[in-house]
Structures are given as structure tokens and as C-alpha cells.
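Visitor: Below is the file work.cif, with mmCIF, C-alpha atoms and all ligand atoms.
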```
data_my_file
#
loop_
_atom_site.label_atom_id
_atom_site.label_comp_id
_atom_site.auth_asym_id
_atom_site.auth_seq_id
_atom_site.Cartn_x
_atom_site.Cartn_y
_atom_site.Cartn_z
CA MET A 767 -9.57 -8.05 17.88
CA LYS A 768 -12.45 -7.03 20.07
CA SER A 769 -15.05 -8.76 17.96
CA ASP A 770 -17.31 -9.07 20.98
CA THR A 771 -17.81 -5.32 20.86
CA ALA A 772 -19.27 -5.55 17.36
CA VAL A 773 -22.44 -3.54 17.31
CA PRO A 774 -25.36 -5.51 15.90
CA VAL A 775 -27.12 -3.60 13.16
CA LYS A 776 -30.28 -3.31 15.20
CA ASP A 777 -28.42 -1.35 17.89
CA MET A 778 -27.18 1.38 15.60
CA PRO A 779 -28.81 4.79 15.93
CA LYS A 780 -32.11 4.53 14.12
CA THR A 781 -32.56 8.25 14.18
CA ASP A 782 -30.03 9.00 11.47
CA PRO A 783 -31.57 8.13 8.10
CA ARG A 784 -28.09 7.89 6.58
CA MET A 785 -27.18 5.15 9.03
CA LYS A 786 -30.38 3.36 8.08
CA LEU A 787 -29.28 3.45 4.45
CA ILE A 788 -25.98 1.84 5.32
CA ALA A 789 -27.63 -0.76 7.54
CA ALA A 790 -30.00 -1.67 4.73
CA LYS A 791 -27.12 -1.97 2.28
CA LEU A 792 -25.20 -4.20 4.69
CA LYS A 793 -28.19 -6.45 5.00
CA LYS A 794 -28.74 -6.54 1.26
CA GLU A 795 -25.14 -7.59 0.76
CA ASN A 796 -25.54 -10.24 3.43
CA PHE A 797 -22.68 -8.79 5.52
CA LYS A 798 -20.24 -10.24 3.02
CA ALA A 799 -16.76 -8.84 3.34
CA ASP A 800 -16.25 -8.71 -0.40
CA ALA A 801 -19.08 -6.18 -0.67
CA LEU A 802 -16.93 -3.66 1.21
CA ILE A 803 -16.52 -1.32 -1.74
CA GLU A 804 -20.24 -1.25 -2.52
CA ILE A 805 -21.05 -0.52 1.09
CA LEU A 806 -18.44 2.22 1.28
CA HIS A 807 -20.01 3.73 -1.84
CA THR A 808 -23.37 3.88 -0.11
CA ALA A 809 -21.80 5.51 2.94
CA GLN A 810 -19.76 7.98 0.89
CA ASN A 811 -22.85 9.02 -1.05
CA ALA A 812 -24.97 9.32 2.08
CA TYR A 813 -22.50 11.44 4.06
CA GLY A 814 -20.40 13.03 1.35
CA TYR A 815 -17.40 11.53 3.12
CA LEU A 816 -16.63 8.65 5.47
CA PRO A 817 -16.82 9.69 9.12
CA LYS A 818 -14.70 7.66 11.53
CA GLU A 819 -17.72 6.19 13.39
CA VAL A 820 -19.30 5.07 10.14
CA LEU A 821 -16.06 3.35 9.10
CA SER A 822 -15.74 1.47 12.35
CA TYR A 823 -19.38 0.48 12.19
CA ILE A 824 -18.92 -0.99 8.70
CA THR A 825 -15.65 -2.63 9.75
CA ARG A 826 -17.28 -4.40 12.68
CA ALA A 827 -20.38 -5.35 10.74
CA LEU A 828 -18.26 -7.05 8.07
CA HIS A 829 -15.74 -8.50 10.55
CA LEU A 830 -12.87 -6.99 8.62
CA PRO A 831 -9.52 -5.82 9.98
CA PRO A 832 -9.66 -2.02 10.40
CA SER A 833 -6.41 -1.53 8.50
CA ARG A 834 -7.85 -3.40 5.51
CA VAL A 835 -10.82 -1.05 5.36
CA TYR A 836 -8.62 2.00 5.79
CA SER A 837 -6.36 0.72 3.04
CA THR A 838 -9.30 0.41 0.64
CA VAL A 839 -10.66 3.84 1.55
CA THR A 840 -7.33 5.57 0.98
CA PHE A 841 -6.63 3.69 -2.26
CA TYR A 842 -9.65 4.93 -4.21
CA HIS A 843 -9.97 8.65 -4.89
CA PHE A 844 -13.74 8.33 -4.82
CA PHE A 845 -13.69 7.92 -1.04
CA SER A 846 -12.73 10.69 1.29
CA LEU A 847 -12.15 10.82 5.02
CA LYS A 848 -12.92 14.50 5.33
CA SER A 849 -16.00 16.40 4.30
CA LYS A 850 -15.62 17.72 0.77
CA GLY A 851 -18.16 20.47 1.43
CA GLU A 852 -21.91 20.65 0.74
CA HIS A 853 -21.17 21.75 -2.81
CA THR A 854 -18.11 20.65 -4.68
CA CYS A 855 -16.29 22.25 -7.54
CA LEU A 856 -13.75 20.07 -9.26
CA VAL A 857 -11.50 21.71 -11.81
CA CYS A 858 -9.90 19.43 -14.35
CA THR A 859 -6.21 20.19 -14.78
CA GLY A 860 -5.52 17.42 -17.26
CA THR A 861 -3.54 18.23 -20.40
CA ALA A 862 -6.47 19.25 -22.63
CA CYS A 863 -8.11 21.41 -19.97
CA TYR A 864 -4.79 22.86 -18.95
CA VAL A 865 -4.10 23.95 -22.51
CA LYS A 866 -7.57 25.49 -22.71
CA GLY A 867 -7.08 27.59 -19.62
CA ALA A 868 -7.79 25.46 -16.53
CA GLN A 869 -5.21 27.44 -14.57
CA ALA A 870 -7.04 30.73 -15.15
CA ILE A 871 -10.27 29.12 -13.94
CA LEU A 872 -8.58 27.76 -10.87
CA ASN A 873 -6.95 31.11 -10.14
CA GLU A 874 -10.28 32.88 -10.44
CA ILE A 875 -11.96 30.40 -8.09
CA GLU A 876 -9.14 30.66 -5.59
CA ARG A 877 -9.32 34.44 -5.75
CA GLY A 878 -13.12 34.76 -5.84
CA MET A 879 -13.89 32.15 -3.19
CA GLY A 880 -10.77 32.54 -1.12
CA LEU A 881 -10.19 28.81 -1.30
CA LYS A 882 -7.30 26.81 -2.62
CA ALA A 883 -7.63 23.42 -4.31
CA GLY A 884 -8.17 20.76 -1.67
CA GLN A 885 -9.77 23.20 0.77
CA VAL A 886 -13.29 23.47 2.11
CA SER A 887 -14.83 26.80 3.13
CA ALA A 888 -15.20 27.51 6.83
CA ASP A 889 -19.00 27.22 6.60
CA ASN A 890 -18.57 23.85 4.79
CA LYS A 891 -20.62 25.21 1.87
CA LEU A 892 -18.01 24.80 -0.85
CA GLY A 893 -15.08 22.51 -1.48
CA VAL A 894 -12.61 23.01 -4.31
CA GLN A 895 -10.73 20.09 -5.85
CA VAL A 896 -8.61 19.38 -8.87
CA ALA A 897 -8.32 16.22 -10.96
CA ARG A 898 -6.00 15.16 -13.75
CA CYS A 899 -8.30 14.52 -16.68
CA ILE A 900 -11.88 13.58 -15.99
CA GLY A 901 -12.24 11.98 -19.42
CA ALA A 902 -14.16 14.83 -21.00
CA CYS A 903 -11.34 16.37 -23.02
CA GLY A 904 -13.69 17.33 -25.87
CA LEU A 905 -15.40 19.68 -23.42
CA ALA A 906 -12.21 21.34 -22.24
CA PRO A 907 -11.85 23.31 -20.11
CA ALA A 908 -14.16 21.25 -17.93
CA VAL A 909 -15.31 21.82 -14.38
CA VAL A 910 -17.54 19.47 -12.39
CA LEU A 911 -19.97 21.33 -10.19
CA ASP A 912 -21.89 19.00 -7.88
CA ASP A 913 -21.53 16.01 -10.24
CA GLU A 914 -22.57 18.08 -13.26
CA VAL A 915 -19.98 18.63 -15.95
CA GLN A 916 -19.72 22.25 -17.03
CA ALA A 917 -18.31 22.29 -20.56
CA LYS A 918 -16.03 24.92 -22.07
CA VAL A 919 -16.40 27.26 -19.14
CA THR A 920 -14.86 30.68 -18.65
CA PRO A 921 -13.60 31.90 -15.26
CA GLY A 922 -16.46 34.38 -15.01
CA GLU A 923 -19.15 31.80 -15.74
CA ILE A 924 -17.91 29.35 -13.19
CA ILE A 925 -17.85 31.97 -10.43
CA GLN A 926 -21.45 32.85 -11.28
CA LYS A 927 -22.53 29.22 -11.20
CA ILE A 928 -20.79 28.60 -7.90
CA ASN A 929 -22.44 31.63 -6.36
CA ALA A 930 -25.82 30.41 -7.59
CA LYS A 931 -25.17 27.06 -5.92
CA ILE A 932 -24.04 28.32 -2.57
CA GLY A 933 -26.69 31.02 -2.57
CA THR A 934 -24.60 34.13 -2.35
CA LEU A 935 -26.11 35.61 -5.48
CA MET B 1203 8.53 -40.98 -21.05
CA ASN B 1204 8.66 -41.56 -17.37
CA CYS B 1205 5.26 -41.14 -15.83
CA TYR B 1206 6.40 -41.66 -12.24
CA MET B 1207 9.04 -39.02 -11.89
CA ASN B 1208 7.28 -35.80 -12.59
CA THR B 1209 10.32 -33.58 -12.97
CA ILE B 1210 11.19 -31.03 -15.61
CA SER B 1211 14.49 -29.73 -16.76
CA ILE B 1212 15.39 -26.08 -17.05
CA ILE B 1213 18.55 -24.14 -17.70
CA ILE B 1214 19.59 -21.38 -15.35
CA ASP B 1215 22.79 -19.48 -16.19
CA ASP B 1216 23.91 -22.28 -18.52
CA GLN B 1217 23.43 -24.83 -15.76
CA LYS B 1218 21.06 -27.70 -16.57
CA LEU B 1219 18.80 -28.45 -13.62
CA GLU B 1220 16.14 -31.05 -12.86
CA THR B 1221 13.33 -29.78 -10.72
CA ASP B 1222 9.70 -30.20 -9.74
CA PRO B 1223 7.19 -28.18 -11.67
CA GLY B 1224 5.19 -25.86 -9.46
CA LYS B 1225 8.26 -24.30 -7.91
CA THR B 1226 9.18 -20.70 -8.50
CA ILE B 1227 12.37 -19.74 -10.31
CA LEU B 1228 13.56 -18.24 -7.04
CA GLU B 1229 13.05 -21.48 -5.12
CA VAL B 1230 14.97 -23.46 -7.71
CA CYS B 1231 17.80 -20.94 -7.74
CA ARG B 1232 18.09 -20.95 -3.94
CA GLU B 1233 18.08 -24.76 -3.83
CA ASN B 1234 20.93 -24.80 -6.32
CA GLY B 1235 23.04 -22.09 -4.76
CA ILE B 1236 22.32 -19.51 -7.45
CA ASP B 1237 22.25 -16.08 -5.86
CA ILE B 1238 19.18 -13.94 -6.51
CA LEU B 1239 18.75 -10.59 -4.81
CA THR B 1240 15.42 -10.26 -3.01
CA MET B 1241 13.81 -7.86 -0.59
CA CYS B 1242 10.05 -8.41 -0.45
CA HIS B 1243 10.41 -12.20 -0.52
CA LEU B 1244 10.18 -13.81 2.89
CA LYS B 1245 10.09 -17.57 3.17
CA GLY B 1246 6.86 -18.60 4.89
CA VAL B 1247 4.58 -15.90 3.50
CA LEU B 1248 3.06 -15.36 0.07
CA ASP B 1249 5.19 -13.76 -2.63
CA ILE B 1250 3.78 -10.62 -4.18
CA GLY B 1251 6.54 -9.49 -6.55
CA ALA B 1252 6.62 -5.99 -5.09
CA CYS B 1253 10.28 -4.98 -4.92
CA ARG B 1254 11.37 -6.01 -8.45
CA LEU B 1255 14.86 -6.92 -7.26
CA CYS B 1256 14.62 -10.56 -8.26
CA LEU B 1257 14.01 -9.86 -11.95
CA VAL B 1258 15.41 -12.48 -14.35
CA GLU B 1259 15.62 -12.86 -18.09
CA ILE B 1260 13.72 -15.71 -19.69
CA GLU B 1261 14.49 -16.67 -23.24
CA GLY B 1262 11.56 -15.90 -25.52
CA VAL B 1263 10.04 -13.41 -23.09
CA ASN B 1264 10.66 -9.73 -23.74
CA LYS B 1265 9.97 -8.39 -20.27
CA LEU B 1266 12.01 -9.20 -17.22
CA LEU B 1267 9.99 -11.33 -14.81
CA SER B 1268 10.22 -11.59 -11.04
CA ALA B 1269 11.78 -14.89 -10.01
CA CYS B 1270 9.76 -15.01 -6.79
CA THR B 1271 6.39 -15.07 -8.56
CA THR B 1272 7.24 -16.90 -11.79
CA LYS B 1273 6.91 -20.65 -11.84
CA VAL B 1274 9.41 -22.81 -13.68
CA ALA B 1275 8.29 -24.46 -16.89
CA ALA B 1276 9.82 -27.28 -18.88
CA ASN B 1277 12.83 -26.26 -20.97
CA MET B 1278 12.83 -22.72 -19.65
CA ILE B 1279 16.09 -20.88 -20.18
CA VAL B 1280 16.71 -18.37 -17.40
CA ARG B 1281 19.49 -15.85 -16.92
CA THR B 1282 20.05 -14.18 -13.59
CA ASN B 1283 23.19 -12.12 -13.99
CA THR B 1284 23.22 -10.30 -17.30
CA ASP B 1285 24.22 -6.64 -17.60
CA ARG B 1286 20.59 -5.70 -18.14
CA ILE B 1287 19.58 -7.33 -14.86
CA LYS B 1288 22.50 -5.81 -12.98
CA LYS B 1289 21.49 -2.39 -14.26
CA TYR B 1290 17.97 -2.79 -12.92
CA GLN B 1291 19.15 -4.15 -9.58
CA ARG B 1292 21.27 -1.07 -9.22
CA ILE B 1293 18.39 1.29 -10.12
CA THR B 1294 16.00 -0.44 -7.74
CA THR B 1295 18.52 -0.25 -4.92
CA GLU B 1296 19.18 3.43 -5.51
CA LEU B 1297 15.45 4.15 -5.50
CA PHE B 1298 15.10 2.37 -2.15
CA PHE B 1299 17.67 4.69 -0.67
CA ALA B 1300 16.33 7.83 -2.35
CA GLU B 1301 12.72 7.41 -1.27
CA ARG B 1302 12.90 7.79 2.52
CA ASN B 1303 15.58 8.58 5.07
CA HIS B 1304 18.11 5.77 5.29
CA VAL B 1305 20.95 7.03 7.42
CA CYS B 1306 22.81 3.87 8.36
CA ALA B 1307 25.20 5.57 10.77
CA VAL B 1308 22.40 6.49 13.16
CA CYS B 1309 20.13 3.50 12.52
CA VAL B 1310 19.48 0.75 15.09
CA ALA B 1311 19.82 -1.82 12.34
CA ASN B 1312 23.29 -0.68 11.26
CA GLY B 1313 25.19 -3.88 10.45
CA LYS B 1314 22.03 -6.01 10.70
CA CYS B 1315 20.09 -4.59 7.78
CA GLU B 1316 19.12 -6.33 4.56
CA LEU B 1317 18.93 -2.99 2.74
CA GLN B 1318 22.46 -2.09 3.82
CA ASP B 1319 23.67 -5.54 2.71
CA LEU B 1320 21.98 -4.99 -0.62
CA GLY B 1321 23.75 -1.67 -1.03
CA TYR B 1322 27.11 -3.39 -0.50
CA LYS B 1323 26.19 -6.24 -2.84
CA VAL B 1324 25.35 -4.03 -5.78
CA GLY B 1325 28.33 -1.80 -5.01
CA LEU B 1326 26.32 1.30 -4.26
CA ASP B 1327 28.69 4.26 -3.97
CA HIS B 1328 26.38 7.09 -4.93
CA ILE B 1329 22.71 7.65 -5.75
CA ARG B 1330 21.79 9.26 -9.03
CA TYR B 1331 18.27 10.21 -8.00
CA PRO B 1332 17.26 13.18 -5.86
CA HIS B 1333 16.41 12.17 -2.31
CA LEU B 1334 12.79 12.86 -1.44
CA PHE B 1335 13.55 13.44 2.28
CA PRO B 1336 9.93 12.92 3.39
CA GLN B 1337 9.00 13.85 6.94
CA CYS B 1338 8.03 10.45 8.27
CA GLU B 1339 6.54 9.62 11.59
CA VAL B 1340 8.27 7.55 14.24
CA ASP B 1341 5.58 5.70 16.16
CA THR B 1342 6.79 4.91 19.68
CA SER B 1343 3.34 4.35 21.16
CA HIS B 1344 3.66 0.58 21.48
CA PRO B 1345 5.01 -0.44 24.88
CA TRP B 1346 7.70 -2.74 23.44
CA TYR B 1347 8.27 -1.87 19.80
CA VAL B 1348 8.98 1.12 17.58
CA MET B 1349 7.82 1.71 14.01
CA ASP B 1350 10.07 4.17 12.20
CA HIS B 1351 8.53 4.96 8.81
CA ASN B 1352 11.73 6.73 7.76
CA ARG B 1353 13.41 3.34 7.33
CA CYS B 1354 10.53 1.49 5.73
CA ILE B 1355 10.91 0.30 2.13
CA MET B 1356 7.29 -0.88 1.78
CA CYS B 1357 8.19 -4.52 1.21
CA THR B 1358 5.02 -5.39 3.21
CA ARG B 1359 6.68 -8.37 4.84
CA CYS B 1360 5.28 -7.15 8.17
CA VAL B 1361 1.78 -6.90 6.68
CA ARG B 1362 1.89 -10.42 5.30
CA VAL B 1363 3.40 -11.99 8.40
CA CYS B 1364 0.83 -10.30 10.63
CA ASN B 1365 -2.02 -11.40 8.40
CA GLU B 1366 -0.92 -14.83 7.22
CA VAL B 1367 1.07 -16.21 10.14
CA GLU B 1368 -0.20 -14.42 13.24
CA GLY B 1369 -3.69 -13.90 11.83
CA ALA B 1370 -4.04 -10.53 13.55
CA HIS B 1371 -3.96 -8.23 10.51
CA ASN B 1372 -2.91 -5.20 12.48
CA TRP B 1373 -0.86 -3.85 9.57
CA ASP B 1374 -1.91 -2.78 6.11
CA VAL B 1375 -0.95 -0.16 3.54
CA MET B 1376 -2.62 3.19 3.03
CA ASN B 1377 -2.58 5.65 0.12
CA ARG B 1378 -0.76 5.24 -3.17
CA GLY B 1379 2.47 6.13 -4.92
CA HIS B 1380 5.14 7.71 -2.77
CA GLN B 1381 2.47 8.58 -0.20
CA VAL B 1382 2.07 4.93 0.81
CA ARG B 1383 2.56 4.14 4.46
CA ILE B 1384 2.23 1.08 6.63
CA ILE B 1385 -0.71 1.59 8.99
CA SER B 1386 -1.95 0.02 12.18
CA ASP B 1387 -5.76 -0.31 12.36
CA PHE B 1388 -7.37 2.97 11.23
CA ASN B 1389 -4.01 4.68 10.80
CA SER B 1390 -3.92 5.03 14.56
CA PRO B 1391 -0.94 4.79 16.90
CA TRP B 1392 0.38 1.24 17.14
CA GLY B 1393 0.05 1.32 20.91
CA GLU B 1394 -3.71 1.84 20.58
CA SER B 1395 -4.22 -1.10 18.24
CA GLU B 1396 -7.18 -3.35 18.89
CA THR B 1397 -5.80 -6.06 16.65
CA CYS B 1398 -2.06 -6.26 17.46
CA THR B 1399 -1.18 -9.21 19.69
CA SER B 1400 2.31 -7.83 20.37
CA CYS B 1401 3.75 -11.10 19.08
CA GLY B 1402 6.78 -9.40 17.52
CA LYS B 1403 6.80 -11.38 14.29
CA CYS B 1404 6.73 -8.20 12.22
CA LEU B 1405 9.98 -6.99 13.69
CA HIS B 1406 11.69 -10.24 12.73
CA ALA B 1407 10.15 -10.06 9.27
CA CYS B 1408 11.24 -6.46 8.70
CA PRO B 1409 14.44 -6.31 6.63
CA THR B 1410 15.44 -2.83 7.78
CA GLY B 1411 15.47 -0.72 10.90
CA ALA B 1412 11.82 0.24 10.48
CA ILE B 1413 10.48 -2.04 13.21
CA TRP B 1414 12.60 -2.73 16.28
CA PRO B 1415 12.22 -3.56 19.94
CA LYS B 1416 12.68 -0.79 22.50
CA ALA B 1417 14.85 -3.01 24.68
CA ILE B 1418 18.06 -2.79 22.68
CA VAL B 1419 21.13 -0.67 22.49
CA GLN B 1420 22.66 0.42 19.22
CA GLY B 1421 24.35 -2.35 17.29
CA GLN B 1422 22.76 -5.19 19.22
CA LEU B 1423 19.60 -5.60 17.23
CA GLN B 1424 18.70 -9.25 16.77
CA LYS B 1425 16.44 -10.07 13.88
CA ASN B 1426 15.61 -13.58 12.80
CA PRO B 1427 13.51 -13.54 9.62
CA GLY B 1428 14.12 -17.28 9.20
CA MET B 1429 12.00 -17.98 12.26
CA ILE B 1430 8.89 -17.08 10.30
CA ASN B 1431 9.25 -20.07 8.00
CA GLU B 1432 10.27 -22.35 10.89
CA LEU B 1433 7.07 -21.34 12.61
CA VAL B 1434 5.00 -21.99 9.50
CA GLU B 1435 6.57 -25.45 9.10
CA LYS B 1436 6.06 -26.34 12.75
CA ARG B 1437 2.44 -25.29 12.55
CA LYS B 1438 1.95 -27.58 9.58
CA MET B 1439 3.40 -30.51 11.53
CA LYS B 1440 0.91 -29.94 14.39
CA LEU B 1441 3.07 -31.95 16.77
S1 LIG C 1501 8.04 -1.84 8.24
FE1 LIG C 1501 9.72 -3.20 7.59
S2 LIG C 1501 8.66 -5.12 7.02
FE2 LIG C 1501 7.08 -3.53 7.08
S3 LIG C 1501 6.97 -2.79 4.97
FE3 LIG C 1501 8.41 -1.44 6.05
S4 LIG C 1501 10.44 -2.32 5.66
FE4 LIG C 1501 8.92 -3.90 5.13
S1 LIG C 1502 -7.93 17.02 -19.61
FE1 LIG C 1502 -9.75 17.73 -18.68
S2 LIG C 1502 -11.10 16.17 -19.26
FE2 LIG C 1502 -9.27 15.41 -20.09
S1 LIG C 1503 11.71 -10.60 -4.14
FE1 LIG C 1503 10.74 -10.88 -6.04
S2 LIG C 1503 9.86 -8.96 -6.40
FE2 LIG C 1503 10.67 -8.71 -4.40
#
```
Now, as a test, write the supplied structure out as C-alpha cells.

Guide:
Amino acid sequence: MKSDTAVPVKDMPKTDPRMKLIAAKLKKENFKADALIEILHTAQNAYGYLPKEVLSYITRALHLPPSRVYSTVTFYHFFSLKSKGEHTCLVCTGTACYVKGAQAILNEIERGMGLKAGQVSADNKLGVQVARCIGACGLAPAVVLDDEVQAKVTPGEIIQKINAKIGTL
Amino acid sequence: MNCYMNTISIIIDDQKLETDPGKTILEVCRENGIDILTMCHLKGVLDIGACRLCLVEIEGVNKLLSACTTKVAANMIVRTNTDRIKKYQRITTELFFAERNHVCAVCVANGKCELQDLGYKVGLDHIRYPHLFPQCEVDTSHPWYVMDHNRCIMCTRCVRVCNEVEGAHNWDVMNRGHQVRIISDFNSPWGESETCTSCGKCLHACPTGAIWPKAIVQGQLQKNPGMINELVEKRKMKL
């Protein structure tokens, strides 16, 4: 382990405010290894995903084995290694939503946006994801648009809302 | 009551045994020549109860429990070879073979493989589950060793040996479910690892042909999983 290459927090690029956020969080958590998940949360929220450089920075700052960090990141669905897009549209395909027409919504999004579930548009504006039950079955069919649950949506409505978000309206 | 000799008695397969508390059922069985099938257990590293091969029946307990992670208790009645257990051993073994690509005839570990031995032991003649045939990577980037994910059964013996005995923690596990893979550092090629010391303990720990040295010809693979515990014991002695 090249621990001597560990970059002290003060040497990290000060220009990027997102890095500053992470550095502050690291300090607040006292560089304790068991705060890994909290720190990854901060990084995920700041960047929308976990870029490689950010991961290695956190790894070195906490003196953790890289594979341990990677293991944690790939275990939790909350974390992602690739950009999910500036705006995200998550279609629930759990049982309740499926019964209430989640597939039609997904089809319409795939057709209207030219994106399949799991893909991000070329301009990085929109990412489409699916999840198996988001715990809002009473609102089925549910779609989460940028962290906001859209209840009982129709395919037409969701396309309109997406367009409003990404500014193509 | 004898307050000096702190032993307990348990019954395993109708055999009455005296043993120290604090031992696992597996340890007691092995000490007394009672055969228990294991795969993820490796003497010298922590037991994690991952493979579910060592399941035993305990009277008064509904579920089957893993012998490697269950401690003996006074007056415990354990059964290791009932039909129920044999059925599960068989299922577990079949699932091992169905999950990745275990083609013994072309494997470096042919004849020296714990998974192959297990297949013979449970009398595996066919597999009832559909094979997943995943496309797994073969990482040949390390100068001396090869990691063939096609043969890996995710016992994590390599991970534990690397972490607990060598202290390098090159290996870990990524993803979940059938997507799980053993990874080196940030899921990078083994040869580019910043943590691997090239000590080779993982290849001795590995029960299958997943990790092997480049300098062998087919059929001459030498693995010595017992050396891990010898090493652990010698380190304790600090001679
Ligand atoms: S590489 Fe070998 S030791 Fe490591 S998890 Fe796979 S089968 Fe087990
Ligand atoms: S099935 Fe969609 S929220 Fe439960
Ligand atoms: S040896 Fe006990 S669960 Fe694998």
C-alpha cells in the first residue's frame, strides 16, 4: 500500500467547491474509517455519482483498502460509479406500479426520450432508471423525478414533466 | 460439580462427546473424526458461514445451522448426516456448479480441486438447475498468478487470507447476488494492484482453479491450504 502517497486534505484542489464539501465532511468525521458511508453520501450528493478520483481521495484520507471502499460502493444502490444524468427519472416497476401501468410509462419514456432504462442521454441531461418498489404503492404508478415522487402518473404527464425539467418545452 | 474441568458434554450423531465450550460444532466434529462437508471454512481465518455446506440439525432448533459458525452448548444434540442435510448438501453443490463455468476437463486444478472432490462426495451425476454460463473475466495481468473468475465459487477464502493473515487487503467482493465478483483494489487488473504483496497465500487458500500460478503445467498444480493455519500458529509463537 502506497500510504506515503496519501494526499493531505489541504493539498486537494481548493477550486472545486464539491471537493471542499467532502474535505469538510472528512474533517467533521475525524477521518474515521467507520464514517465511510456518510462520507460517500456527501460525495454522491455533491457529484451525483462517485468519480474515480474522488473515491481514491476518500480511500487515502481514511486509510482504507481500495477494494473495501469499492465493495461498499457497489453494494448499496444509492451509490453510483457513473453519472446518472443532471436530471433523473426513476420509474417504479414494483408489483403495484406494474399492475397500474408502469410498463406503459416506461415504454413512453423510452420512445419519447430515446433512452432505455439504465441509460443517460448523450448531453447528460436526463438519466432513466427503474426500481422494484420504492415503497409508495398507494401512489401507484409512481415515478420519481429528481427526488420528487410523482403520484398516479400517466405516460403523457410524465413526458410533459420531463420536458419541463430538461427545458425542451 | 467439578469447577476445575470446564468441559461440557454434547451428542453428535448418537456419539457422546466431552468438549470445551467455546468451540464450534465443526471443530468438535473434526477433532472426533466426524466428517462435515465445508467449502468456505479455512482453518486459520475467520468463519463467515457463507457456503451453507456444513449445515447440521440441532435438536430443538427448527432451522439448520452452519457448524462452522455455531458454538457447542451443554447437552446439545447434533445430527450431521440426516436425509434432510444430505438433500441440502446436494442442492448447494449443484448450485456451485450451475453458477459459473466449471469445466474440470480443461481446468488447471483438475484432480486438485475441493469443488471437484465435493462433487464426487455427494455423488453428483447431473445438475437439475439451468447453468447461468456467465461471461467471466480471466485476469492474467499479475506477473506470476492468474485469477479466473469462471472457476470462483465466492467462498472469499482469498479475501480473508489476504486481509487477516497477510494484512494487505488486496481482495474484496463487489456487487450483489449473482453479479458478485472478487475484486483487486478498485476493480482494477490484479497486476496493477497497489496493495498486493504477491505473497501467493490466496492461491493456496483458493479451493478451486480460480487462482493459480502461471508457472505450472496442467495437472501439476500444488495447493497447500493447510499452510495458512501453520503460518497463523507460527506467528502466534513468535519464535
Ligand atoms: S478466488 Fe478462490 S478463494 Fe477466492 S473466492 Fe473465488 S474460489 Fe474462493
Ligand atoms: S410497487 Fe411501486 S411503489 Fe411499490
Ligand atoms: S463451511 Fe460452514 S458455511 Fe461454509

Visitor: Counting only C-alpha atoms and all ligand atoms, which protein, DNA or RNA residues come within 7 Å of ligand LIG 1502 (chain C), given as a list in words?

Guide: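 If we count only C-alpha atoms and all ligand atoms, the neighbours of ligand LIG 1502 (chain C) turn out to be Cys858, Thr859, Gly860, Thr861, Ala862, Cys863, Tyr864, Arg898, Cys899, Ile900, Gly901, Ala902, Cys903, Leu905, Ala906, Pro907 and Ala908 of chain A.
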
Visitor: Check every residue of chain A for an atom within 7 Å of chain B, counting all atoms listed in the file, and provide those that qualify as a list in words.

Guide: Met767, Lys768, Pro831, Pro832, Ser833, Arg834, Tyr836, Ser837, Thr840 and Phe841 of chain A

Visitor: How would you write, as a ChimeraX atom specification, the set of residues no farther than 10 Å from ligand LIG 1501 (chain C) when counting all atoms listed in the file?

Guide: /B:1241-1242,1244,1316-1317,1348-1364,1373-1375,1383-1385,1403-1414

Visitor: Which residues form the shell of 7 Å around ligand LIG 1503 (chain C) when you count all atoms listed in the file, given as a list in words?

Guide: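 So, counting all atoms listed in the file, the residues near ligand LIG 1503 (chain C) are Thr1240, Met1241, Cys1242, His1243, Ile1250, Gly1251, Ala1252, Cys1253, Arg1254, Leu1255, Cys1256, Leu1257, Ser1268, Ala1269, Cys1270 and Thr1271 of chain B.
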
Visitor: Show me, as lines of an AutoDock Vina configuration file, the centre and edge lengths in Å to one decimal of the axis-aligned box that covers every listed atom of range 1421-1430 of chain B with 8 Å on each side.

Guide:
```
center_x = 16.6
center_y = -10.2
center_z = 14.2
size_x = 31.5
size_y = 31.6
size_z = 26.0
```

Visitor: Around (14.6, 10.7, -2.8) in the file's frame, which residues reach within 6 Å when counting only C-alpha atoms? Return as a PDB file with C-alpha atoms, in the frame of the given file?

Guide:
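Listed below is the output, part.pdb:
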```pdb
ATOM      1  CA  ALA B1300      16.330   7.830  -2.350  1.00  0.00           C
ATOM      2  CA  GLU B1301      12.720   7.410  -1.270  1.00  0.00           C
ATOM      3  CA  PRO B1332      17.260  13.180  -5.860  1.00  0.00           C
ATOM      4  CA  HIS B1333      16.410  12.170  -2.310  1.00  0.00           C
ATOM      5  CA  LEU B1334      12.790  12.860  -1.440  1.00  0.00           C
ATOM      6  CA  PHE B1335      13.550  13.440   2.280  1.00  0.00           C
TER       7      PHE B1335
END
```

Visitor: Taking only C-alpha atoms into account, name the residue in B:Ala1311, B:Leu1433, B:Val1274, B:Val1367 that is nearest to Pro1223 in chain B.

Guide: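 Nearest to Pro1223 in chain B: B:Val1274.
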
Visitor: Nearest residue to Cys1231 in chain B out of B:Thr1282, B:Asn1264, B:Ser1343, B:Thr1209, using only C-alpha atoms?

Guide: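 Residue with the minimum atom-to-atom distance to Cys1231 in chain B: B:Thr1282.
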
Visitor: Excluding same-chain residues fewer than 5 positions from range 911-920 of chain A, what lies within 7 Å of it counting all atoms listed in the file, as an NGL selection string?

Guide: :A and (853-856 or 871 or 905-906)

Visitor: Determine the nearest neighbour of Asn811 in chain A from the options A:Asp782, A:Glu874, A:Lys866, A:Ile788, counting only C-alpha atoms.

Guide: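 Between A:Asp782, A:Glu874, A:Lys866, A:Ile788, the residue approaching Asn811 in chain A most closely is A:Ile788.
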
Visitor: One number please: CA of Phe1298 in chain B to CA of Asp1319 in chain B, in Å, one decimal.

Guide: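 Interatomic distance, CA of Phe1298 in chain B to CA of Asp1319 in chain B: 12.6 Å.
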
Visitor: Using all atoms listed in the file for the distances, tell me which of A:Leu830, A:Ala870, A:Met785, A:Leu881 is nearest to Asp800 in chain A.

Guide: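 Checking each of A:Leu830, A:Ala870, A:Met785, A:Leu881 against Asp800 in chain A, counting all atoms listed in the file, the winner is A:Leu830.
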
Visitor: Could you please determine the separation between CA of Tyr815 in chain A and CA of Ser846 in chain A in Å, to one decimal place?

Guide: 5.1 Å

Visitor: Select, from B:Ala1307, B:Ile1236, B:Ala1417, B:Met1429, the residue with the minimum atom-to-atom distance to Asn1283 in chain B, counting all atoms listed in the file.

Guide: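 Once distances to Asn1283 in chain B are computed over all atoms listed in the file, the minimum belongs to B:Ile1236.
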
Visitor: Using all atoms listed in the file, list the residues that have an atom at most 7 Å from (10.7, -28.1, -18.0), coordinates as in the file, as a list in words.

Guide: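 Checking each residue against the 7 Å limit leaves Ile1210, Ser1211, Ile1212, Val1274, Ala1275, Ala1276, Asn1277 and Met1278 of chain B.
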
Visitor: So which residues touch Lys850 in chain A within 10 Å, counting all atoms listed in the file, skipping near sequence neighbours fewer than 5 positions away, as a VMD selection string?

Guide: chain A and resid 813 to 815 855 884 to 887 890 to 895

Visitor: Record the distance separating CA of Arg1330 in chain B and CA of Glu1259 in chain B, expressed in Å with one decimal.

Guide: 24.7 Å
